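Asks: Got a structure here, written out as structure tokens. Questions coming.
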Amino acid sequence: MPISIRPLHPVFAGEVSDIDCRKPLSPEEIDAVEAGMNEYAVLIFRDQNLTDEEQIAFTRHFGELENYNTPGHVRKREDQRLGPGIADFSNLDKHGNIMSDEDRVWFFKLGDRLWHSDSSFRPVPAKYSLLSARVLPSWGANTEFADMRAAYDALDNRTKAEIEDLVCEHSLIYSREAIGFTDLTAGEIAAFRPVRQRLVRTHPATGRKSLFLSSHAGAIVGWTIPEGRIFLRDLTEHATAPAFVYSHSWRLHDLVMWDNRATMHRARRFDRTEVRDVRRTTLAGETGTIEQAA
Ligand SMILES: [Fe+2]
């Protein structure tokens with residue numbers, strides 16, 4: 001049975017039906033999902049009660065898992081609740097208790113409430129991220145997505161020409177600094193050394209241009225810091241206007257897949273005394289944005 005996709009927003013995001021993410025996909029289904037991602041950039045799969053192994057297997061239909069041993073890892077392996085290949089985006093510690101509001105891991109998580117693209121602080125940023133809802137709080141906790149292709153298209157020609165060849169520096173240091181979390185260890189500062197990314201990127205499959213913005217971006221190469229920061233803030237404000245934003249209200253066992261090369265996203269507030277257990281698999285990108293085809 002072919003999959004069908006129902007649009008959820010005027011410019012992007014769709015809900016997929018007629019697919020069971022627990023089962024191996026046929027080549028036709030893989031192609032249909034990829035084509036859906038190229039068009040919608042965010043796809044919602046409802047009622048997918050997945051184990052970690054099933055989520056990893058579904059993810060691997062679309063590429064190679066991002067290597068979580070690269071710098072950027074905040075929690076040491078022995079402090080993690082989940083096995084390899086899947087990242088813990090819950091508010092739980094390794095014993096399954098709600099983490100303290102003074103836990104450094106919680107401070108890092110709060111930074112995810114700023115608009116960002118996953119792994120933009122890595123030399124080769126992520127392709128798709130897949131987030132699975134295992135336990136949800138009673139209130140809040142939406143995830144918002146913004147379409148960076150539509151945001152790029154809507155820029156005036158002067159701005160498009162000005163930004164065409166700009167390069168930004170991305171680091172977890174910048175996004176955590178933005179929420180006042182500056183108490184990083186020497187090891188973290190070394191691991192979070194800024195990487196360079198083009199501000200305008202071209203999607204490898206569709207050829208569409210998009211704004212590669214992220215709260216991890218803290219400088220524009222060749223610009224002063226204040227001039228770069230205020231311009232990035234202006235562009236982010238433009239790119240996250242309601243016309244470009246889909247807000248996902250989670251249901252239990254939703255699986256949401258997004259293309260980090262075409263969208264930004266942010267987590268929204270919830271009652272931190274309630275459990276939110278969401279788990280993410282991430283696909284590695286193919287090249288850095290500096291090396292992308294012109
Ligand atoms: Fe994220």
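Following the order of the structure tokens, chains are lettered A, B, ..., residues in each are numbered from 1, and ligands are numbered from 1.
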Residues at most 7 Å from ligand 1, using only C-alpha atoms and all ligand atoms? Could they come as a PyMOL selection string?
Replies: chain A and resi 112+116-118+265-266
Asks: Can you tell me which residues surround Val245 in chain A at a distance of at most 9 Å, considering only C-alpha atoms, apart from same-chain residues fewer than 4 positions away, and format the answer as a PyMOL selection string?
Replies: chain A and resi 9+11-12+144-147+239-241+265
Asks: Could you write out the selected residues, including N, CA and C atoms, as a PDB file, in the first residue's frame?
Replies:
ATOM      1  N   HIS A   9       0.533  22.282   7.247  1.00  0.00           N
ATOM      2  CA  HIS A   9       0.887  23.717   7.262  1.00  0.00           C
ATOM      3  C   HIS A   9       0.952  24.173   5.804  1.00  0.00           C
ATOM      4  N   VAL A  11       3.186  25.752   4.047  1.00  0.00           N
ATOM      5  CA  VAL A  11       4.440  25.650   3.283  1.00  0.00           C
ATOM      6  C   VAL A  11       5.234  24.366   3.522  1.00  0.00           C
ATOM      7  N   PHE A  12       4.973  23.636   4.597  1.00  0.00           N
ATOM      8  CA  PHE A  12       5.754  22.412   4.867  1.00  0.00           C
ATOM      9  C   PHE A  12       5.041  21.574   5.924  1.00  0.00           C
ATOM     10  N   GLU A 144       8.441  23.198  17.956  1.00  0.00           N
ATOM     11  CA  GLU A 144       8.127  24.074  16.842  1.00  0.00           C
ATOM     12  C   GLU A 144       9.197  23.928  15.765  1.00  0.00           C
ATOM     13  N   PHE A 145       8.731  23.960  14.528  1.00  0.00           N
ATOM     14  CA  PHE A 145       9.620  23.840  13.364  1.00  0.00           C
ATOM     15  C   PHE A 145       9.447  25.070  12.489  1.00  0.00           C
ATOM     16  N   ALA A 146      10.548  25.498  11.869  1.00  0.00           N
ATOM     17  CA  ALA A 146      10.481  26.630  10.937  1.00  0.00           C
ATOM     18  C   ALA A 146      11.136  26.213   9.622  1.00  0.00           C
ATOM     19  N   ASP A 147      10.480  26.546   8.519  1.00  0.00           N
ATOM     20  CA  ASP A 147      10.945  26.158   7.183  1.00  0.00           C
ATOM     21  C   ASP A 147      11.950  27.178   6.665  1.00  0.00           C
ATOM     22  N   ALA A 239      12.939  34.497   9.921  1.00  0.00           N
ATOM     23  CA  ALA A 239      12.764  33.094   9.524  1.00  0.00           C
ATOM     24  C   ALA A 239      11.817  32.327  10.444  1.00  0.00           C
ATOM     25  N   THR A 240      11.512  32.885  11.612  1.00  0.00           N
ATOM     26  CA  THR A 240      10.641  32.176  12.549  1.00  0.00           C
ATOM     27  C   THR A 240       9.300  32.899  12.720  1.00  0.00           C
ATOM     28  N   ALA A 241       8.973  33.741  11.737  1.00  0.00           N
ATOM     29  CA  ALA A 241       7.645  34.379  11.723  1.00  0.00           C
ATOM     30  C   ALA A 241       6.584  33.280  11.560  1.00  0.00           C
ATOM     31  N   HIS A 265      14.314  24.152  14.606  1.00  0.00           N
ATOM     32  CA  HIS A 265      13.267  23.748  15.550  1.00  0.00           C
ATOM     33  C   HIS A 265      13.646  24.235  16.948  1.00  0.00           C
TER      34      HIS A 265
END
Asks: Which is closest to Phe45 in chain A among A:Pro24, A:Gly218, A:Gly14, A:Pro194, if we use only C-alpha atoms?
Replies: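 Closest residue, counting only C-alpha atoms: A:Gly14.
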Asks: Among range 18-245 of chain A, which residues carry a DSSP assignment of strand (DSSP E), reported as a PyMOL selection string?
Replies: chain A and resi 42-45+87-88+126-135+143-147+167-170+195-198+200-202+209-211+217-220+245
Asks: Write the selection just made, keeping N, CA and C atoms, as a short mmCIF file (atom, residue, chain, number, x, y, z; two decimals), in the first residue's frame?
Replies:
data_model
loop_
_atom_site.label_atom_id
_atom_site.label_comp_id
_atom_site.auth_asym_id
_atom_site.auth_seq_id
_atom_site.Cartn_x
_atom_site.Cartn_y
_atom_site.Cartn_z
N VAL A 42 9.37 18.05 7.28
CA VAL A 42 8.99 17.51 8.60
C VAL A 42 7.85 16.52 8.35
N LEU A 43 8.02 15.29 8.83
CA LEU A 43 6.96 14.29 8.69
C LEU A 43 6.59 13.72 10.06
N ILE A 44 5.28 13.57 10.27
CA ILE A 44 4.76 13.04 11.54
C ILE A 44 4.22 11.63 11.26
N PHE A 45 4.66 10.66 12.05
CA PHE A 45 4.12 9.30 11.98
C PHE A 45 3.40 9.06 13.31
N ALA A 87 19.72 8.84 21.49
CA ALA A 87 20.06 9.91 22.44
C ALA A 87 18.87 10.19 23.34
N ASP A 88 19.17 10.43 24.60
CA ASP A 88 18.16 10.63 25.64
C ASP A 88 17.80 12.11 25.72
N ALA A 126 23.96 17.41 10.96
CA ALA A 126 23.07 16.25 10.82
C ALA A 126 22.17 16.36 9.60
N LYS A 127 21.77 15.19 9.08
CA LYS A 127 20.75 15.09 8.03
C LYS A 127 19.38 15.10 8.72
N TYR A 128 18.81 13.95 8.97
CA TYR A 128 17.51 13.91 9.65
C TYR A 128 17.69 13.65 11.15
N SER A 129 16.75 14.16 11.95
CA SER A 129 16.58 13.75 13.34
C SER A 129 15.21 13.10 13.46
N LEU A 130 15.11 12.07 14.31
CA LEU A 130 13.83 11.38 14.53
C LEU A 130 13.58 11.33 16.02
N LEU A 131 12.47 11.92 16.46
CA LEU A 131 12.17 12.01 17.88
C LEU A 131 10.90 11.22 18.17
N SER A 132 10.99 10.33 19.16
CA SER A 132 9.89 9.42 19.50
C SER A 132 9.38 9.74 20.89
N ALA A 133 8.06 9.88 21.02
CA ALA A 133 7.45 10.25 22.31
C ALA A 133 7.07 8.98 23.08
N ARG A 134 7.77 8.72 24.20
CA ARG A 134 7.51 7.52 25.00
C ARG A 134 6.68 7.83 26.24
N VAL A 135 6.92 9.00 26.87
CA VAL A 135 6.09 9.48 27.99
C VAL A 135 5.98 10.98 27.82
N THR A 143 6.96 20.92 20.08
CA THR A 143 8.17 21.21 19.33
C THR A 143 7.76 22.06 18.14
N GLU A 144 8.44 23.20 17.96
CA GLU A 144 8.13 24.07 16.84
C GLU A 144 9.20 23.93 15.76
N PHE A 145 8.73 23.96 14.53
CA PHE A 145 9.62 23.84 13.36
C PHE A 145 9.45 25.07 12.49
N ALA A 146 10.55 25.50 11.87
CA ALA A 146 10.48 26.63 10.94
C ALA A 146 11.14 26.21 9.62
N ASP A 147 10.48 26.55 8.52
CA ASP A 147 10.95 26.16 7.18
C ASP A 147 11.95 27.18 6.66
N VAL A 167 29.83 33.14 5.73
CA VAL A 167 30.15 31.94 6.52
C VAL A 167 30.02 32.30 8.00
N CYS A 168 29.36 31.42 8.76
CA CYS A 168 29.16 31.66 10.19
C CYS A 168 30.00 30.68 11.01
N GLU A 169 30.22 31.05 12.27
CA GLU A 169 30.87 30.14 13.21
C GLU A 169 29.83 29.64 14.19
N HIS A 170 29.76 28.32 14.32
CA HIS A 170 28.77 27.68 15.20
C HIS A 170 29.47 26.95 16.34
N VAL A 195 32.91 25.73 14.62
CA VAL A 195 33.08 25.21 13.25
C VAL A 195 32.43 26.21 12.29
N ARG A 196 32.86 26.16 11.03
CA ARG A 196 32.34 27.10 10.03
C ARG A 196 31.27 26.46 9.18
N GLN A 197 30.20 27.21 8.95
CA GLN A 197 29.09 26.76 8.10
C GLN A 197 28.64 27.93 7.23
N ARG A 198 28.29 27.60 5.99
CA ARG A 198 27.72 28.63 5.11
C ARG A 198 26.37 29.08 5.66
N VAL A 200 23.99 30.34 3.65
CA VAL A 200 23.03 29.87 2.65
C VAL A 200 23.49 28.50 2.19
N ARG A 201 22.64 27.51 2.41
CA ARG A 201 23.03 26.17 1.97
C ARG A 201 22.09 25.68 0.90
N THR A 202 22.57 24.72 0.11
CA THR A 202 21.79 24.18 -1.00
C THR A 202 21.49 22.72 -0.68
N LYS A 209 17.63 26.34 -2.04
CA LYS A 209 18.46 27.07 -1.08
C LYS A 209 17.69 27.30 0.21
N SER A 210 18.43 27.38 1.31
CA SER A 210 17.79 27.68 2.59
C SER A 210 18.75 28.46 3.47
N LEU A 211 18.19 29.11 4.48
CA LEU A 211 19.00 29.80 5.48
C LEU A 211 19.50 28.77 6.48
N ALA A 217 25.02 29.55 16.08
CA ALA A 217 25.80 30.49 15.28
C ALA A 217 26.05 31.75 16.11
N GLY A 218 27.32 32.11 16.29
CA GLY A 218 27.63 33.26 17.15
C GLY A 218 28.52 34.29 16.48
N ALA A 219 28.87 34.08 15.23
CA ALA A 219 29.75 35.04 14.54
C ALA A 219 29.61 34.85 13.04
N ILE A 220 29.83 35.94 12.30
CA ILE A 220 29.94 35.87 10.84
C ILE A 220 31.39 36.19 10.51
N VAL A 245 6.23 28.72 10.44
CA VAL A 245 6.34 27.86 11.63
C VAL A 245 5.18 26.89 11.76
#
Asks: One decimal, in Å: what's the spacing between CA of Val124 in chain A and CA of Ala41 in chain A?
Replies: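 Computing it gives 18.8 Å between the two atoms.
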Asks: Which residue is closest to Leu235 in chain A? Choose from A:Ser249, A:Leu172, A:Ile163, A:Thr289 and count only C-alpha atoms.
Replies: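 Result for the nearest residue to Leu235 in chain A: A:Ile163.
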Asks: Of the residues A:Val256, A:Leu8, A:Leu114, A:Ile179, which is the one nearest to Gln55 in chain A, using only C-alpha atoms?
Replies: A:Val256
Asks: List every residue of range 176-264 of chain A that DSSP, applied to the backbone, labels as helix (DSSP H, G or I), and write the result as a list in words.
Replies: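 Written out, the helix (DSSP H, G or I) residues of range 176-264 of chain A are Arg176, Glu177, Ala186, Gly187, Glu188, Ile189, Ala190, Ala191, Ile225, Pro226, Glu227, Gly228, Arg229, Ile230, Phe231, Leu232, Arg233, Asp234, Leu235, Thr236, Glu237, His238, Ala239, Pro242, Ala243 and Phe244 of chain A.
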Asks: Mind writing the picked residues with N, CA, C and O atoms as a CSV table (one decimal), in the first residue's frame?
Replies:
chain,number,residue,atom,x,y,z
A,176,ARG,N,24.7,28.2,24.6
A,176,ARG,CA,24.6,28.1,26.0
A,176,ARG,C,24.8,29.5,26.7
A,176,ARG,O,24.1,29.8,27.7
A,177,GLU,N,25.7,30.2,26.1
A,177,GLU,CA,26.0,31.6,26.6
A,177,GLU,C,24.7,32.4,26.5
A,177,GLU,O,24.4,33.3,27.3
A,186,ALA,N,37.2,23.4,31.0
A,186,ALA,CA,38.2,23.6,30.0
A,186,ALA,C,38.0,22.5,28.9
A,186,ALA,O,38.2,22.8,27.7
A,187,GLY,N,37.7,21.3,29.3
A,187,GLY,CA,37.5,20.2,28.3
A,187,GLY,C,36.4,20.5,27.4
A,187,GLY,O,36.4,20.2,26.2
A,188,GLU,N,35.2,21.0,27.9
A,188,GLU,CA,34.1,21.4,27.1
A,188,GLU,C,34.4,22.5,26.1
A,188,GLU,O,34.1,22.4,24.9
A,189,ILE,N,35.1,23.5,26.6
A,189,ILE,CA,35.4,24.6,25.7
A,189,ILE,C,36.3,24.1,24.6
A,189,ILE,O,36.1,24.5,23.4
A,190,ALA,N,37.2,23.2,24.9
A,190,ALA,CA,38.1,22.7,23.8
A,190,ALA,C,37.3,21.8,22.8
A,190,ALA,O,37.4,21.9,21.6
A,191,ALA,N,36.3,21.1,23.4
A,191,ALA,CA,35.5,20.2,22.5
A,191,ALA,C,34.5,21.0,21.7
A,191,ALA,O,34.1,20.5,20.6
A,225,ILE,N,31.8,41.0,16.0
A,225,ILE,CA,30.8,40.2,16.7
A,225,ILE,C,29.4,40.9,16.8
A,225,ILE,O,28.4,40.3,16.5
A,226,PRO,N,29.4,42.2,17.3
A,226,PRO,CA,28.0,42.8,17.5
A,226,PRO,C,27.3,42.8,16.1
A,226,PRO,O,26.1,42.6,16.1
A,227,GLU,N,28.0,43.2,15.0
A,227,GLU,CA,27.3,43.3,13.8
A,227,GLU,C,26.8,42.0,13.3
A,227,GLU,O,25.7,41.8,12.8
A,228,GLY,N,27.6,41.0,13.5
A,228,GLY,CA,27.2,39.6,13.1
A,228,GLY,C,26.1,39.1,13.9
A,228,GLY,O,25.1,38.6,13.4
A,229,ARG,N,26.1,39.3,15.2
A,229,ARG,CA,25.1,38.8,16.1
A,229,ARG,C,23.7,39.4,15.8
A,229,ARG,O,22.7,38.8,15.8
A,230,ILE,N,23.7,40.8,15.6
A,230,ILE,CA,22.5,41.4,15.4
A,230,ILE,C,21.9,41.1,14.1
A,230,ILE,O,20.7,40.9,13.9
A,231,PHE,N,22.7,40.8,13.1
A,231,PHE,CA,22.2,40.4,11.8
A,231,PHE,C,21.6,39.0,11.9
A,231,PHE,O,20.5,38.7,11.3
A,232,LEU,N,22.3,38.1,12.6
A,232,LEU,CA,21.8,36.7,12.7
A,232,LEU,C,20.5,36.8,13.5
A,232,LEU,O,19.6,36.0,13.2
A,233,ARG,N,20.4,37.7,14.5
A,233,ARG,CA,19.1,37.8,15.2
A,233,ARG,C,18.0,38.3,14.3
A,233,ARG,O,16.9,37.8,14.4
A,234,ASP,N,18.3,39.3,13.5
A,234,ASP,CA,17.3,39.8,12.5
A,234,ASP,C,16.8,38.7,11.6
A,234,ASP,O,15.6,38.5,11.3
A,235,LEU,N,17.8,37.9,11.1
A,235,LEU,CA,17.4,36.9,10.1
A,235,LEU,C,16.6,35.8,10.8
A,235,LEU,O,15.6,35.3,10.2
A,236,THR,N,16.9,35.5,12.1
A,236,THR,CA,16.2,34.5,12.8
A,236,THR,C,14.8,34.9,13.1
A,236,THR,O,13.8,34.2,13.0
A,237,GLU,N,14.6,36.2,13.4
A,237,GLU,CA,13.3,36.8,13.6
A,237,GLU,C,12.4,36.7,12.4
A,237,GLU,O,11.3,36.2,12.4
A,238,HIS,N,13.1,37.0,11.2
A,238,HIS,CA,12.4,36.9,9.9
A,238,HIS,C,12.0,35.4,9.7
A,238,HIS,O,10.8,35.1,9.3
A,239,ALA,N,12.9,34.5,9.9
A,239,ALA,CA,12.8,33.1,9.5
A,239,ALA,C,11.8,32.3,10.4
A,239,ALA,O,11.4,31.2,10.1
A,242,PRO,N,5.4,33.5,12.0
A,242,PRO,CA,4.3,32.5,12.0
A,242,PRO,C,4.1,31.8,10.6
A,242,PRO,O,3.8,30.7,10.5
A,243,ALA,N,4.3,32.6,9.5
A,243,ALA,CA,4.1,32.1,8.2
A,243,ALA,C,5.0,30.9,7.9
A,243,ALA,O,4.7,30.1,7.0
A,244,PHE,N,6.1,30.8,8.6
A,244,PHE,CA,7.1,29.7,8.3
A,244,PHE,C,7.1,28.6,9.4
A,244,PHE,O,8.0,27.8,9.4
